[in-house]
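*Asks:* Below is a structure I'd like to ask you about.
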Amino acid sequence: MEAGYNPRTVEEVFRDFKGRRAGLIKALTTDVEEFFQQCDPDKENLCLYGFPSEQWEVNLPAEEVPPEVPEPALGINFARDGMQEKDWLSLVAVHSDAWLLAVAFYFGARFGFDKADRKRLFNMINDLPTVFEVVTGAAKKQQKEKSSVSNHSSNKSKSNSKSRPPETQGKYSKAQPKDDEEGLDEEEEDEHGETLCGACGENYASDEFWICCDVCEKWFHGKCVKITPARAEHIKQYKCPSCSNKRARP
């Protein structure tokens with residue numbers, strides 16, 4: 001499916017992993033309605049593929065045996081109507097995590113990564129929340145717990161701060177430092193760095209535009225949900241793609 005594409009260093013394999021992971025997370029969150037429709041139980045065995053370009057695709061497995069790279073879980077479409085949608089998405093997420101690791105360590109084995117390289121690759125991968133954790137919201141809980149532990153040891157204790165970007169702009173945050181608040185940027189980064197984007201699963205950063213869904217209260221990078229700061233000015237109640245699709249479905 002991706003003949004000739006061979007990342008050879010730990011950094012290249014990790015970049016490949018991150019791209020595929022972002023594509024899979026997009027399928028299971030931002031593009032979930034489209035993904036649901038494509039997993040038609042009346043079709044043959046289907047797989048969910050994530051690509052290094054951060055895109056995803058539902059397709060039949062590779063025809064050659066054995067395939068060039070490990071294949072994702074087969075037949076995810078058959079379980080679609082036999083389970084609660086939330087449980088089905090969680091199941092696909094778990095299989096996607098297993099596939100991502102398989103592909104990364106396939107490249108590692110193929111290009112002779114030694115023990116130190118394999119360990120470094122795994123540690124880099126392990127620093128990111130799994131697809132399952134992002135899809136089920138478990139990543140946020142873990143980040144909250146982690147930050148509350150680290151906050152105890154920090155020199156200024158934060159009283160019960162919520163794990164979300166600042167609300168200086170209402171439900172969306174441009175997170176741009178103001179002239180009269182020089183120290184705010186650093187504090188914001190520290191306090192809200194544990195917040196994850198509901199679409200790509202990456203962390204909050206103070207130099208990025210974020211918007212919060214008024215329905216599920218998840219935060220998203222503006223770029224991930226195609227909302228610009230200018231457009232956000234005119235949105236009275238923002239609904240993320242996932243919440244909008246839930247309303248639209250009969």
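In the structure tokens, the first chain shown is A, the next is B, and so on; residue numbers restart at 1 for each chain, and ligands run from 1 in the order shown.
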Residues near Lys226 (chain A), anyone? I mean within 12 Å using only C-alpha atoms, not counting same-chain ones fewer than 2 positions away, as a list in words.
*Replies:*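 The neighbour list is Thr30, Ala199, Phe209, Trp210, Ile211, Phe220, His221, Gly222, Lys223, Cys224, Thr228, Pro229, Ala230, Arg231, Ala232, Cys240 and Pro241 of chain A.
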*Asks:* Counting only C-alpha atoms, which residue out of A:Lys140, A:Lys86, A:Lys218, A:Arg15 sits closest to Leu100 (chain A)?
*Replies:*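 Between A:Lys140, A:Lys86, A:Lys218, A:Arg15, the residue approaching Leu100 (chain A) most closely is A:Arg15.
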*Asks:* For Phe105 (chain A), list every protein, DNA or RNA residue within 8 Å, evaluated using only C-alpha atoms, and leave out those in the same chain fewer than 4 positions away; present the list as a list in words.
*Replies:*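 So the residues in contact are Leu101, Ala109 and Arg118 of chain A.
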*Asks:* Contacts of Cys47 (chain A) at 12 Å or less, counting only C-alpha atoms, minus same-chain residues fewer than 5 places along, as a count of residues only?
*Replies:* 27
*Asks:* Set the distance at 8 Å and use only C-alpha atoms: which residues neighbour Gln55 (chain A) once local chain neighbours fewer than 5 positions away are removed? I'd like the list as a list of chain:residue names.
*Replies:*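 The residues satisfying every condition are A:Gly19, A:Arg20, A:Ala22, A:Gly23, A:Leu24, A:Lys26, A:Gly50.
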*Asks:* Which of these residues is nearest to Lys18 (chain A), using only C-alpha atoms: A:Pro129, A:Gly112, A:Gly137, A:Gly82?
*Replies:* A:Pro129
*Asks:* Please determine, counting only C-alpha atoms, which residue among A:Gly198, A:Pro7, A:Gly108, A:Pro52 has the shortest atom-to-atom distance to Leu28 (chain A).
*Replies:* A:Gly198
*Asks:* I'd like the contact shell of Glu11 (chain A) - 12 Å cut-off, only C-alpha atoms, skipping same-chain residues fewer than 6 positions apart - returned as a ChimeraX atom specification.
*Replies:* /A:17-18,104,107-108,113,117-118,120-125
*Asks:* Kindly indicate which residue among A:Val225, A:Tyr106, A:Asp97, A:Glu68 lies nearest to Asn126 (chain A), using only C-alpha atoms for the distances.
*Replies:*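 Of A:Val225, A:Tyr106, A:Asp97, A:Glu68, the one nearest Asn126 (chain A), counting only C-alpha atoms, is A:Asp97.
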*Asks:* Work out how far CA of Arg21 (chain A) is from CA of Glu44 (chain A), in Å to one decimal.
*Replies:*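 Between these atoms lies a distance of 24.4 Å.
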*Asks:* For each of A:Lys239, A:Val10, A:Glu64, A:Leu48, take the minimum atom-to-atom distance to Lys115 (chain A), counting only C-alpha atoms, then give the residue where this is smallest.
*Replies:* A:Val10
*Asks:* Quick one: pull the distance between CA of Ala138 (chain A) and CA of Val69 (chain A), Å, one decimal.
*Replies:*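 These atoms are spaced 29.4 Å apart.
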*Asks:* Could you tell me, as a PyMOL selection string, which residues of region 5-125 of chain A DSSP assigns to strand (DSSP E) when given the backbone?
*Replies:* chain A and resi 47-50+56-59
*Asks:* Put those residues in a file: N, CA and C atoms, as a CSV table (one decimal), in the first residue's frame.
*Replies:*
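Result file follows (again_23.csv):
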chain,number,residue,atom,x,y,z
A,47,CYS,N,-10.5,-2.7,6.9
A,47,CYS,CA,-9.5,-2.3,7.9
A,47,CYS,C,-9.4,-0.7,7.9
A,48,LEU,N,-9.0,-0.2,9.1
A,48,LEU,CA,-8.8,1.2,9.2
A,48,LEU,C,-7.3,1.5,9.1
A,49,TYR,N,-6.8,2.2,8.1
A,49,TYR,CA,-5.4,2.6,7.9
A,49,TYR,C,-5.2,4.0,8.4
A,50,GLY,N,-4.0,4.2,9.0
A,50,GLY,CA,-3.6,5.6,9.3
A,50,GLY,C,-2.3,5.8,8.4
A,56,TRP,N,-6.4,9.2,6.9
A,56,TRP,CA,-6.9,7.8,7.3
A,56,TRP,C,-7.7,7.3,6.1
A,57,GLU,N,-7.9,6.0,6.1
A,57,GLU,CA,-8.6,5.4,5.0
A,57,GLU,C,-9.2,4.1,5.5
A,58,VAL,N,-10.5,3.8,5.1
A,58,VAL,CA,-11.1,2.5,5.3
A,58,VAL,C,-11.0,1.7,4.0
A,59,ASN,N,-10.4,0.5,4.1
A,59,ASN,CA,-10.1,-0.2,2.8
A,59,ASN,C,-10.0,-1.7,3.1
*Asks:* Compare A:Arg110, A:Arg8, A:His234, A:Arg80 by their minimum atom-to-atom distance to Asn45 (chain A), counting only C-alpha atoms, and give me the closest one.
*Replies:*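 Ranked by minimum distance to Asn45 (chain A), first place goes to A:Arg80.
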